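*Asks:* Handing you a structure now.
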Amino acid sequence: MRFWHKGLTAVLAIALSGCATLQRDRTINLECPALERHMQEVVFDLQPDGSLSSVVVIGAAARNEIMRAEAAARNEIMRAEAAAQNEIMRSENAEISPASVDYDLLSRAMTNAVDRWSASSVFENNNRRTPPTPPAILILSGGGQWGAFGAGYLRSLSNSDDTIQSSNIVTSTSIRSDENAIRNSDTVTGISTGAIQTLFVLADDYDGLYDAYTAHETEEYARVYSGIQPLINGSRYSIRPLLGLLRARLMGSDGKPSLLSVIAHRLHHRTDDMRGPRDAFVGMVNARTGNFVEVDLSELIRDIVPDGEQPSAEDAECVAAVVLASSAIPVNFEPVSITYGKDESEGKDESERRDVFYDGGVRQSVFLNHITSRSIAQMERFRQPSTGRREAFGQPLPDSLPFYVIRNGPSTVRDMAEINDKHDILSAAERGYSIIVNQSEVMAVCSLRLGNPSGQIWVQTADRYRTTPGLETGPPPGSPFNADFMDGLAALGKEVGNGANGQPRWLTLQPIQGGQPSSGCVLQ
């Protein structure tokens, strides 16, 4: 009996050791040395006075790089638009307050965008030409396979005039409401599936975006672990197939050009008439610190792919690492580990820094709400007491920059009556996950309005799936990517983007009026 007991113990020890080894092997390990120069961590904090704050955490090297890049960017603006800037300085009623130095990467990009717009507006107005509209921000949410809706929707918008048909826009000052969200968006942000979409938006390749979400079989996106495999592997699904798709598309395959090469060329040779964003940001979460991480994807690509050079496999891996990490839902998908920079902590001199990253939606489904509140401050720079302020721009000044938000998914959780008869752990976990995700997704969009009570925020969601034949029951259980469901979602997105059945292409996120927060998350 004692011998049998010892033998069983040995077998269990070997089995558990094997499981531990398998778990370690299930982390996706990628490299992106340049990432350290183009990322920031943001710490959320509740202050003693009850206010909320977010603090950007960066190292000395990154801070110096940001200061250098900001100085270079401002010098470029001054050189490229010297005539327009001189017009501003000579105008008696066009004194503009300087932007405060902000080490937040996204805020700095917004400042540069507004500086370009203000200089161009005054210049065009002085020359009796139509001033440009304020730069917009395009925000792409998380949502996994629901990103197929956004792919179809964006494709339709890119092929239409993108007229905003909502007539009940209420703001203290208003800009024209017939502007194109794609053409006028100077900045795009993406989290999770939105991070994948961001790549195609930067390339202005909306046909490619549509194909990315519809031209593949289910197994090409993820592999399902069955039986006890989730316990052994530490995740329910493997997204290594998705990594393969990203690498292939970034480098070019099946007769398609390198997506990364197209993006790099557009970033290095930006022209005034080129539509679409020039700045892109991707969000993820550092699993070690628990902090949200914002990555300046545009600057990262400019850095690793010099002008005139073709991207290498290492470049593609770097970009794929960031996008995949932003999509790595913990427990559902295996963790993504990225090696980047040097670890400067004590006792680790000259060693490589490596961290595991989670899906950015763990923190927030859409990018941080501070961008909406700071967009108000951007416009306040131009609100001087002088009576000629508006005349200098030749157009009304909006409360803030306009925001377009694509919610890749529904805004309400679907009914699941069968949960009453299912008491297994996977059914409970799946139901709890859907509820938590819905709460996080909706509140993330609502936080944009809370940070910007009256500015223009337009939203579109996939809520019409409930009345669409073949989609009304939601995605089939047991797979994070279902090709048939995604095809249907993409088709729905096309219909919504085309304004089918007289429906508005964009919904208005109702302004907060009279200090009533309850009205801040109502779509009109």
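Ordering of the structure tokens sets the chain letters (A, B, ...); residue numbers start at 1 within each chain; ligands are numbered from 1 in the order shown.
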List the neighbours of His265 in chain A out to 12 Å using only C-alpha atoms; skip same-chain residues closer than 5 positions along the sequence, and give me the result as a list of chain:residue names.
*Replies:* A:Leu202, A:Ala203, A:Asp204, A:Ser258, A:Leu259, A:Leu260, A:Arg270, A:Thr271, A:Arg278, A:Ser298, A:Ile301, A:Arg302, A:Val305, A:Pro306, A:Asp307, A:Gly308, A:Glu309, A:Gln310, A:Pro311
*Asks:* Using only C-alpha atoms, determine which residues lie at most 7 Å from range 459-476 of chain A, disregarding the query and same-chain residues fewer than 6 positions distant; provide the list as a list in words.
*Replies:* Phe149, Tyr404, Val405, Ile406, Arg407, Asn408, Gly409, Pro410, Ser411, Phe485, Gly488, Trp506, Leu507, Thr508 and Leu509 of chain A
*Asks:* Only C-alpha atoms, please: the residues just picked out, written as a compact mmCIF listing (two decimals), in the first residue's frame.
*Replies:*
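Done, and the output landed in part.txt:
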# COMPACT_ATOMS: atom_id res chain seq x y z
CA PHE A 149 -19.79 45.58 -37.30
CA TYR A 404 -16.91 60.10 -33.20
CA VAL A 405 -17.26 56.87 -31.20
CA ILE A 406 -17.84 53.46 -32.78
CA ARG A 407 -19.05 50.99 -30.18
CA ASN A 408 -18.11 47.59 -31.60
CA GLY A 409 -21.02 45.79 -30.00
CA PRO A 410 -24.42 46.41 -28.41
CA SER A 411 -25.11 48.87 -25.59
CA PHE A 485 -21.98 35.76 -37.26
CA GLY A 488 -23.77 39.11 -40.71
CA TRP A 506 -24.66 58.68 -36.28
CA LEU A 507 -26.45 58.96 -32.95
CA THR A 508 -25.97 62.01 -30.75
CA LEU A 509 -24.71 61.48 -27.22
*Asks:* Would you please give, as a PyMOL selection string, all residues of range 222-278 of chain A that DSSP assigns to strand (DSSP E) based on the backbone?
*Replies:* chain A and resi 223-224+237-238
*Asks:* Generate the output file for the selected residues, N, CA and C atoms, as a PDB file, in the first residue's frame.
*Replies:*
ATOM      1  N   ARG A 223      -8.247  29.324 -31.803  1.00  0.00           N
ATOM      2  CA  ARG A 223      -8.394  27.883 -31.633  1.00  0.00           C
ATOM      3  C   ARG A 223      -9.039  27.619 -30.277  1.00  0.00           C
ATOM      4  N   VAL A 224     -10.056  26.798 -30.258  1.00  0.00           N
ATOM      5  CA  VAL A 224     -10.809  26.529 -29.032  1.00  0.00           C
ATOM      6  C   VAL A 224     -10.146  25.393 -28.264  1.00  0.00           C
ATOM      7  N   TYR A 237      -9.142  29.996 -25.082  1.00  0.00           N
ATOM      8  CA  TYR A 237      -8.897  30.012 -26.521  1.00  0.00           C
ATOM      9  C   TYR A 237      -7.466  30.469 -26.794  1.00  0.00           C
ATOM     10  N   SER A 238      -6.945  30.040 -27.904  1.00  0.00           N
ATOM     11  CA  SER A 238      -5.632  30.489 -28.357  1.00  0.00           C
ATOM     12  C   SER A 238      -5.814  31.480 -29.506  1.00  0.00           C
TER      13      SER A 238
END
*Asks:* Please indicate the distance in Å from CA of Ala148 in chain A to CA of Ile239 in chain A, rounded to one decimal place.
*Replies:*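 Rounded to one decimal, the two atoms are 16.8 Å apart.
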*Asks:* Mind giving me the straight-line distance from CA of Leu30 in chain A to CA of Ile338 in chain A in Å, one decimal?
*Replies:*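 The value is 4.9 Å.
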*Asks:* Name the residues in contact with Leu250 in chain A at a cut-off of 8 Å, using only C-alpha atoms, excluding same-chain residues fewer than 2 positions from it; report them as a ChimeraX atom specification.
*Replies:* /A:246-248,252,258-261,316,320
*Asks:* Between A:Thr339, A:Ser454, A:Asn420, A:Gln229, which residue has the minimum interatomic distance to Glu317 in chain A, considering only C-alpha atoms?
*Replies:*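 Checking each candidate against Glu317 in chain A, we get A:Thr339 as the closest.
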*Asks:* For Phe382 in chain A, which residue out of A:Ala34, A:Met443, A:Leu243, A:Val114 is the nearest one, using only C-alpha atoms?
*Replies:*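 Of A:Ala34, A:Met443, A:Leu243, A:Val114, the one nearest Phe382 in chain A, counting only C-alpha atoms, is A:Val114.
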*Asks:* Calculated over only C-alpha atoms, which of the candidates A:Gly451, A:Gly208, A:Pro330, A:Pro398 has the smallest distance to Asn369 in chain A?
*Replies:*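 Nearest candidate to Asn369 in chain A out of A:Gly451, A:Gly208, A:Pro330, A:Pro398: A:Gly451.
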*Asks:* For a quick check of understanding, using only C-alpha atoms, which of A:Leu140, A:Cys318, A:Cys32, A:Met110 has the smallest distance to Ile376 in chain A?
*Replies:* A:Met110
